[in-house]
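Everything on this sheet refers to the single structure shown next.
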Amino acid sequence: MVDSLTLDELSRQFEADAPLDGDFLVLTLAAALIASLGLLANSAAVVIGAMVIAPWILPLRAMAFWMLQGQLALAGKALLTLSIGIGLTALLSAMVGLGVGMPLLGHEVTARTSPNLLDLGIALVAGAAAIYAKVRSRAVSSLVGTAIAVALVPPVCVLGLLVSAGEWEGAQGAGLLFATNLLGILNGALMMLAVSQAQLRRRLWRSRMGWVSCCSRLCWCSR
């Protein structure tokens, strides 16, 4: 379609999204700090503010694209960027928790310690929408970036805060929610790429490894 990006254009854009740079680090640290303070204050509005600026959608979409392309080196580069962002967020939130002390757990924290199938459904749709906004140049990608951050940044901050307070059971639940959302978003992105790009769809059907990998992730998330 006229407003759809070609595969070559997508390749160039996703390659630019994967590296770790200063902008990614600054926005990640800002989102982590805002989300952590918002969770401690039990303020949904503040947490949403952190979700808006989180940049994790960039390496996550790139990782899905390069996985489907079979370019493991580039997918690994995007995964490294995302992993560093996750690690920094967890560390910073734990430091915030240690610095201010954990008050009574508010709803914004406890709501992110018990993953369920609704969370998986949200993550799948968010991942598909993220890719749709990328391949369709007229789509509003900033809204999709917010949807991705909703599913990923707060659970990581909850994990760090609860670890700092020694709440290991709750921290485990937050970690499980994050992992479920991450895999759900990734699979939603993979499926939308296959649907929207004929070349990628043919590669997926011809590649037994790619198809089995995608199905295995969906089975893991649905447990």
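Chain labels A, B, ... are given in the sequence in which chains occur in the structure tokens; within each chain residues are numbered consecutively from 1, and ligands are likewise numbered from 1 in the order shown.
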- Name all residues at most 6 Å from range 77-87 of chain A (count only C-alpha atoms; drop same-chain ones fewer than 6 positions away) and give them as an MDAnalysis selection string. chainID A and resid 18 20 59 63
- Query: Near range 25-37 of chain A, counting only C-alpha atoms, which residues have an atom at most 8 Å away, once you skip same-chain residues fewer than 3 positions from it, shown as a ChimeraX atom specification?
  - Reply: /A:20-22,40-41,46-51,53-56,85,88-90,92-93,96,153-154,157-158,161
Would you write out, as CSV, a table of all residues in range 145-190 of chain A that have an atom no more than 7 Å from an atom of range 110-134 of chain A, listing for each the closest atom pair and the distance in Å to one decimal, considering only C-alpha atoms and ordering rows by chain and rising residue number?
residue,atom,partner,partner_atom,distance
A:Gly145,CA,A:Ala130,CA,7.0
A:Ala147,CA,A:Ala126,CA,5.9
A:Ile148,CA,A:Ala126,CA,6.0
A:Ala151,CA,A:Ala123,CA,6.6
A:Pro155,CA,A:Arg112,CA,5.8
A:Gly170,CA,A:Thr113,CA,5.5
A:Ala171,CA,A:Thr113,CA,7.0
A:Gly173,CA,A:Thr113,CA,4.3
A:Ala174,CA,A:Thr113,CA,4.3
A:Leu176,CA,A:Pro115,CA,6.9
A:Leu177,CA,A:Pro115,CA,4.8
A:Thr180,CA,A:Leu120,CA,6.5
A:Asn181,CA,A:Ala123,CA,5.2
A:Gly184,CA,A:Leu124,CA,4.7
A:Ile185,CA,A:Gly127,CA,4.0
A:Leu186,CA,A:Gly127,CA,6.0
A:Asn187,CA,A:Leu124,CA,6.5
A:Gly188,CA,A:Leu124,CA,4.3
A:Ala189,CA,A:Gly127,CA,4.4
- Note on the structure: Here CA of Ala165 in chain A and CA of Leu182 in chain A stand apart by 24.6 Å
- Query: Quick one, how far is CA of Phe14 in chain A from CA of Val195 in chain A?
  - Reply: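 Pair CA of Phe14 in chain A / CA of Val195 in chain A returns 17.7 Å.
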- Message: Taking only C-alpha atoms into account, name the residue in A:Leu60, A:Leu7, A:Val163, A:Val52 that is nearest to Leu98 in chain A.
- Response: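 Using only C-alpha atoms, the shortest distance to Leu98 in chain A belongs to A:Val163.
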- What gap, in Å, lies between CA of Arg12 in chain A and CA of Ala62 in chain A?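 So the answer is 10.3 Å.
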- May I ask which of the residues A:Met191, A:Ala16, A:Val156, A:Ala75 is the closest one to Leu91 in chain A, counting only C-alpha atoms?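 Smallest distance to Leu91 in chain A is found for A:Val156.
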- Can you work out which one of A:Leu74, A:Ala44, A:Leu68, A:Val100 has the shortest atom-to-atom distance to Pro19 in chain A, counting only C-alpha atoms?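 Looking only at the distances to Pro19 in chain A, the closest residue turns out to be A:Leu74.
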